[in-house]
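So this block is structure.txt, compact mmCIF, C-alpha atoms:
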# COMPACT_ATOMS: atom_id res chain seq x y z
CA MET N 537 30.70 -42.19 18.92
CA ASN N 538 27.40 -40.41 19.60
CA SER N 539 26.60 -36.76 18.91
CA ALA N 540 26.95 -35.72 22.58
CA THR N 541 30.54 -37.03 22.68
CA LEU N 542 31.36 -35.29 19.40
CA GLN N 543 29.95 -32.02 20.74
CA THR N 544 32.05 -32.32 23.93
CA ASN N 545 35.22 -32.96 21.89
CA ASP N 546 34.46 -29.95 19.67
CA SER N 547 33.97 -27.64 22.64
CA ILE N 548 37.28 -28.81 24.16
CA MET N 549 39.06 -28.11 20.87
CA ASP N 550 37.45 -24.67 20.68
CA ASN N 551 38.87 -23.68 24.06
CA PRO N 552 42.13 -21.71 23.60
CA VAL N 553 43.15 -22.36 27.21
CA ILE N 554 43.03 -26.14 26.66
CA ILE N 555 44.92 -25.78 23.38
CA GLY N 556 47.53 -23.62 25.12
CA LEU N 557 47.94 -26.16 27.93
CA ILE N 558 48.31 -29.09 25.53
CA SER N 559 50.80 -27.11 23.47
CA TRP N 560 52.81 -26.22 26.58
CA VAL N 561 52.92 -29.74 28.09
CA PHE N 562 53.64 -31.53 24.78
CA PRO N 563 55.56 -29.19 22.41
CA GLY N 564 53.85 -29.31 19.01
CA GLY N 565 50.75 -31.01 20.46
CA GLY N 566 48.58 -27.90 20.16
CA HIS N 567 49.21 -27.79 16.41
CA LEU N 568 48.83 -31.53 15.87
CA ILE N 569 45.47 -31.59 17.66
CA GLN N 570 44.21 -28.81 15.37
CA GLY N 571 45.23 -30.71 12.23
CA LYS N 572 48.40 -28.66 11.53
CA ILE N 573 50.42 -31.83 11.13
CA PHE N 574 53.51 -30.49 9.33
CA ARG N 575 53.87 -27.48 11.60
CA GLY N 576 53.29 -29.60 14.71
CA VAL N 577 55.83 -32.24 13.70
CA VAL N 578 58.49 -29.62 12.91
CA ILE N 579 57.91 -27.78 16.20
CA ALA N 580 57.97 -31.01 18.21
CA THR N 581 61.14 -32.19 16.45
CA ILE N 582 63.00 -28.92 17.01
CA ILE N 583 62.04 -28.49 20.66
CA TRP N 584 62.62 -32.11 21.67
CA LEU N 585 65.93 -32.27 19.74
CA MET N 586 67.12 -29.10 21.47
CA PHE N 587 65.99 -30.54 24.80
CA VAL N 588 67.86 -33.83 24.27
CA ILE N 589 71.04 -32.04 23.13
CA ALA N 590 70.76 -29.76 26.17
CA VAL N 591 70.38 -32.63 28.63
CA VAL N 592 73.23 -34.63 27.04
CA SER N 593 75.44 -31.52 27.24
CA GLY N 594 74.79 -31.11 30.97
CA GLY N 595 72.38 -28.20 30.55
CA ALA N 596 69.92 -29.48 33.15
CA HIS N 597 72.45 -28.50 35.83
CA TYR N 598 72.97 -24.95 34.56
CA PRO N 599 73.43 -22.32 36.15
CA GLY N 600 74.95 -24.48 38.88
CA PHE N 601 74.30 -22.19 41.84
CA VAL N 602 71.46 -21.48 44.26
CA PHE N 603 68.90 -18.66 44.15
CA ASN N 604 70.74 -16.38 46.62
CA ASP N 605 73.95 -16.39 44.54
CA GLY N 606 72.27 -14.66 41.59
CA PRO N 607 68.48 -14.26 41.81
CA LEU N 608 67.94 -12.61 38.39
CA LEU N 609 69.95 -15.15 36.39
CA TYR N 610 68.37 -17.95 38.40
CA LEU N 611 64.80 -16.72 37.81
CA LEU N 612 65.39 -16.12 34.08
CA ASN N 613 66.70 -19.67 33.80
CA VAL N 614 63.70 -21.11 35.67
CA PHE N 615 61.21 -19.10 33.56
CA ALA N 616 62.80 -20.19 30.27
CA ARG N 617 63.10 -23.82 31.35
CA LEU N 618 59.47 -23.93 32.44
CA GLY N 619 58.55 -23.43 28.78
CA ASN N 620 59.59 -27.01 28.04
CA GLY N 621 56.43 -28.35 29.69
CA LEU N 622 56.97 -32.06 30.30
CA GLY N 623 60.66 -31.55 29.57
CA ALA N 624 60.87 -28.95 32.33
CA ILE N 625 59.78 -31.52 34.92
CA VAL N 626 62.38 -33.98 33.60
CA SER N 627 65.13 -31.33 33.67
CA PHE N 628 64.26 -30.22 37.22
CA ILE N 629 64.31 -33.84 38.43
CA MET N 630 67.71 -34.32 36.75
CA ALA N 631 69.02 -31.11 38.31
CA GLY N 632 68.19 -32.53 41.74
CA THR N 633 70.85 -35.20 41.38
CA PRO N 634 73.91 -33.55 39.78
CA SER N 635 77.04 -35.56 39.08
CA LYS N 636 80.33 -34.14 40.42
CA ASP N 637 81.97 -33.41 37.06
CA VAL N 638 79.03 -31.94 35.14
CA ALA N 639 80.22 -28.32 35.54
CA ALA N 640 83.59 -29.33 34.06
CA LEU N 641 81.98 -30.34 30.76
CA ALA N 642 82.98 -27.98 27.92
CA THR N 643 79.37 -28.02 26.76
CA PHE N 644 77.80 -27.27 30.17
CA GLU N 645 76.83 -23.67 29.35
CA TYR N 646 75.80 -24.47 25.77
CA GLY N 647 73.43 -27.07 27.21
CA GLY N 648 71.99 -24.47 29.55
CA ARG N 649 71.37 -22.10 26.62
CA PHE N 650 69.80 -24.85 24.49
CA LEU N 651 67.46 -25.81 27.34
CA GLU N 652 66.41 -22.19 27.90
CA VAL N 653 65.88 -21.45 24.20
CA ALA N 654 63.90 -24.67 23.69
CA GLY N 655 61.56 -23.48 26.46
CA LEU N 656 61.27 -19.97 25.01
CA LEU N 657 60.53 -21.38 21.54
CA ASN N 658 57.80 -23.50 23.09
CA PHE N 659 56.25 -20.35 24.60
CA LEU N 660 56.12 -19.00 21.00
CA ALA N 661 54.57 -22.30 19.87
CA VAL N 662 51.88 -21.95 22.56
CA ILE N 663 51.02 -18.43 21.35
CA ASP N 664 51.01 -19.67 17.72
CA ALA N 665 48.66 -22.56 18.57
CA ILE N 666 46.28 -20.21 20.42
CA ASP N 667 46.37 -17.74 17.49
CA ILE N 668 45.37 -20.56 15.13
CA ASN N 669 42.60 -21.65 17.51
CA VAL N 670 41.03 -18.20 17.79
CA GLY N 671 41.37 -17.55 14.04
CA ARG N 672 44.06 -14.85 14.12
CA LYS N 673 46.31 -17.08 12.01
CA LYS N 674 45.80 -19.81 9.42
CA MET F 661 85.20 -27.35 16.59
CA ILE F 662 82.47 -28.40 19.03
CA HIS F 663 81.70 -24.71 19.71
CA PHE F 664 81.13 -24.05 16.02
CA LEU F 665 78.87 -27.11 15.74
CA TYR F 666 76.78 -25.84 18.66
CA LEU F 667 76.54 -22.45 16.94
CA VAL F 668 75.41 -23.98 13.63
CA GLY F 669 72.94 -26.30 15.41
CA PHE F 670 71.53 -23.47 17.49
CA GLY F 671 71.17 -21.23 14.42
CA LEU F 672 69.53 -24.02 12.44
CA PHE F 673 66.95 -24.93 15.10
CA VAL F 674 65.99 -21.35 15.90
CA SER F 675 65.83 -20.31 12.22
CA VAL F 676 63.53 -23.20 11.32
CA ALA F 677 61.30 -22.37 14.30
CA PHE F 678 61.16 -18.68 13.33
CA ALA F 679 60.30 -19.65 9.74
CA ILE F 680 57.51 -21.93 10.98
CA PHE F 681 56.02 -19.19 13.19
CA ALA F 682 56.30 -16.49 10.49
CA LYS F 683 53.36 -15.34 8.40
CA GLY F 684 53.28 -15.43 4.62
CA ASP F 685 53.52 -17.99 1.84
CA THR F 686 55.92 -20.94 1.86
CA LYS F 687 58.54 -19.26 -0.35
CA SER F 688 58.82 -16.16 1.80
CA ARG F 689 59.03 -18.22 4.98
CA VAL F 690 61.81 -20.42 3.57
CA LEU F 691 63.73 -17.29 2.52
CA TYR F 692 63.19 -15.78 5.97
CA GLY F 693 64.52 -18.96 7.62
CA LEU F 694 67.61 -19.02 5.37
CA LYS F 695 68.27 -15.33 5.99
CA THR F 696 67.94 -15.76 9.76
CA PHE F 697 70.29 -18.76 9.74
CA ALA F 698 72.89 -16.89 7.70
CA GLN F 699 72.64 -13.92 10.07
CA PHE F 700 73.10 -16.13 13.14
CA VAL F 701 76.25 -17.77 11.74
CA LEU F 702 77.86 -14.78 10.01
CA ILE F 703 77.25 -12.24 12.81
CA SER F 704 78.51 -14.73 15.42
CA MET F 705 81.68 -15.36 13.38
CA ALA F 706 82.24 -11.63 12.92
CA LEU F 707 81.75 -10.96 16.64
CA ALA F 708 84.10 -13.85 17.50
CA TRP F 709 86.85 -12.28 15.36
CA VAL F 710 86.30 -8.84 16.89
CA LEU F 711 86.47 -10.29 20.43
CA TYR F 712 89.60 -12.27 19.50
CA PHE F 713 91.58 -9.02 19.17
CA ILE F 714 90.24 -7.47 22.38
CA PRO F 715 92.37 -8.43 25.39
CA LEU F 716 90.16 -9.36 28.35

As a first step, turn the structure in this file into structure tokens.
Amino acid sequence: MNSATLQTNDSIMDNPVIIGLISWVFPGGGHLIQGKIFRGVVIATIIWLMFVIAVVSGGAHYPGFVFNDGPLLYLLNVFARLGNGLGAIVSFIMAGTPSKDVAALATFEYGGRFLEVAGLLNFLAVIDAIDINVGRKK
Amino acid sequence: MIHFLYLVGFGLFVSVAFAIFAKGDTKSRVLYGLKTFAQFVLISMALAWVLYFIPL
């Protein structure tokens, strides 16, 4: 690897927007790429575990109604789910093909909560990764 | 039983995440995580008992 390539890599890593994007798309990735291995692995494990539990519990289909039935609840759900990054895309694709009995699952609403909170925690992880990048946090 | 497991799991995941994001040394962050987890579980149990006696 020559010095020009190294310099380009360094400038990418110094950009908080890039770090934020990586952290958002791949939960924990923003920390891992900055050498915060333990923190990155823990964040990735928590968020992906919550995501998997949510999807298995039927949470991808929560709240189970369209925008006009309850705009505020619907928008809050979309905002929180978007925090999952790559997981958000997966959950929205899954929500497009709901099975008939998913709303009858006892864990349907728990799954919805897990999915939302996983996304919100990832928003915190993005802020944390950016704080580390700009030197506000060690 | 499944509801309680979801509560414990939720409390565990969120507490660990809060402890990871918190500032301070390792000991204080571990204590913060344990305290947050205990608060999640105990306050939820207390609220569940209060709601049990309220007819809805």

(message) Restricting the calculation to all atoms listed in the file: of N:Ala596, N:Val614, N:Glu645, N:Val653, which residue gets closest to Thr633 of chain N?
(response)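 With all atoms listed in the file as the atom set, the closest residue is N:Ala596.
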
(request) Counting all atoms listed in the file, collect the residues of chain N whose closest atom lies at most 9 Å from chain F, and write them out as number ranges by chain. (result) N: 575, 578-579, 582-583, 585-586, 642-643, 646, 650, 653-654, 657, 660-661, 664, 673-674

Can I get the selected residues back with C-alpha atoms, as an mmCIF file, keeping the file's coordinate frame?
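Generated output (selection-v3.cif):
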data_model
loop_
_atom_site.group_PDB
_atom_site.id
_atom_site.type_symbol
_atom_site.label_atom_id
_atom_site.label_comp_id
_atom_site.auth_asym_id
_atom_site.auth_seq_id
_atom_site.Cartn_x
_atom_site.Cartn_y
_atom_site.Cartn_z
ATOM 1 C CA ARG N 575 53.870 -27.480 11.600
ATOM 2 C CA VAL N 578 58.490 -29.620 12.910
ATOM 3 C CA ILE N 579 57.910 -27.780 16.200
ATOM 4 C CA ILE N 582 63.000 -28.920 17.010
ATOM 5 C CA ILE N 583 62.040 -28.490 20.660
ATOM 6 C CA LEU N 585 65.930 -32.270 19.740
ATOM 7 C CA MET N 586 67.120 -29.100 21.470
ATOM 8 C CA ALA N 642 82.980 -27.980 27.920
ATOM 9 C CA THR N 643 79.370 -28.020 26.760
ATOM 10 C CA TYR N 646 75.800 -24.470 25.770
ATOM 11 C CA PHE N 650 69.800 -24.850 24.490
ATOM 12 C CA VAL N 653 65.880 -21.450 24.200
ATOM 13 C CA ALA N 654 63.900 -24.670 23.690
ATOM 14 C CA LEU N 657 60.530 -21.380 21.540
ATOM 15 C CA LEU N 660 56.120 -19.000 21.000
ATOM 16 C CA ALA N 661 54.570 -22.300 19.870
ATOM 17 C CA ASP N 664 51.010 -19.670 17.720
ATOM 18 C CA LYS N 673 46.310 -17.080 12.010
ATOM 19 C CA LYS N 674 45.800 -19.810 9.420
#

(request) Between atom CA of Ile668 of chain N and atom CA of His567 of chain N, measure the distance and give it in Å to one decimal. (result) 8.3 Å

(message) When you count all atoms listed in the file, which of these residues is closest to Gly693 of chain F: F:Leu711, F:Met661, F:Ala679, F:Met705?
(response)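 Ranked by minimum distance to Gly693 of chain F, first place goes to F:Ala679.
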
(request) Neighbourhood query: residues within 12 Å of (56.4, -26.8, 34.0), file coordinates, counting all atoms listed in the file; return as a list of chain:residue names. (result) N:Leu557, N:Ile558, N:Ser559, N:Trp560, N:Val561, N:Phe562, N:Pro563, N:Val614, N:Phe615, N:Ala616, N:Arg617, N:Leu618, N:Gly619, N:Asn620, N:Gly621, N:Leu622, N:Gly623, N:Ala624, N:Ile625, N:Val626, N:Ser627, N:Phe628, N:Ile629, N:Gly655, N:Asn658, N:Phe659
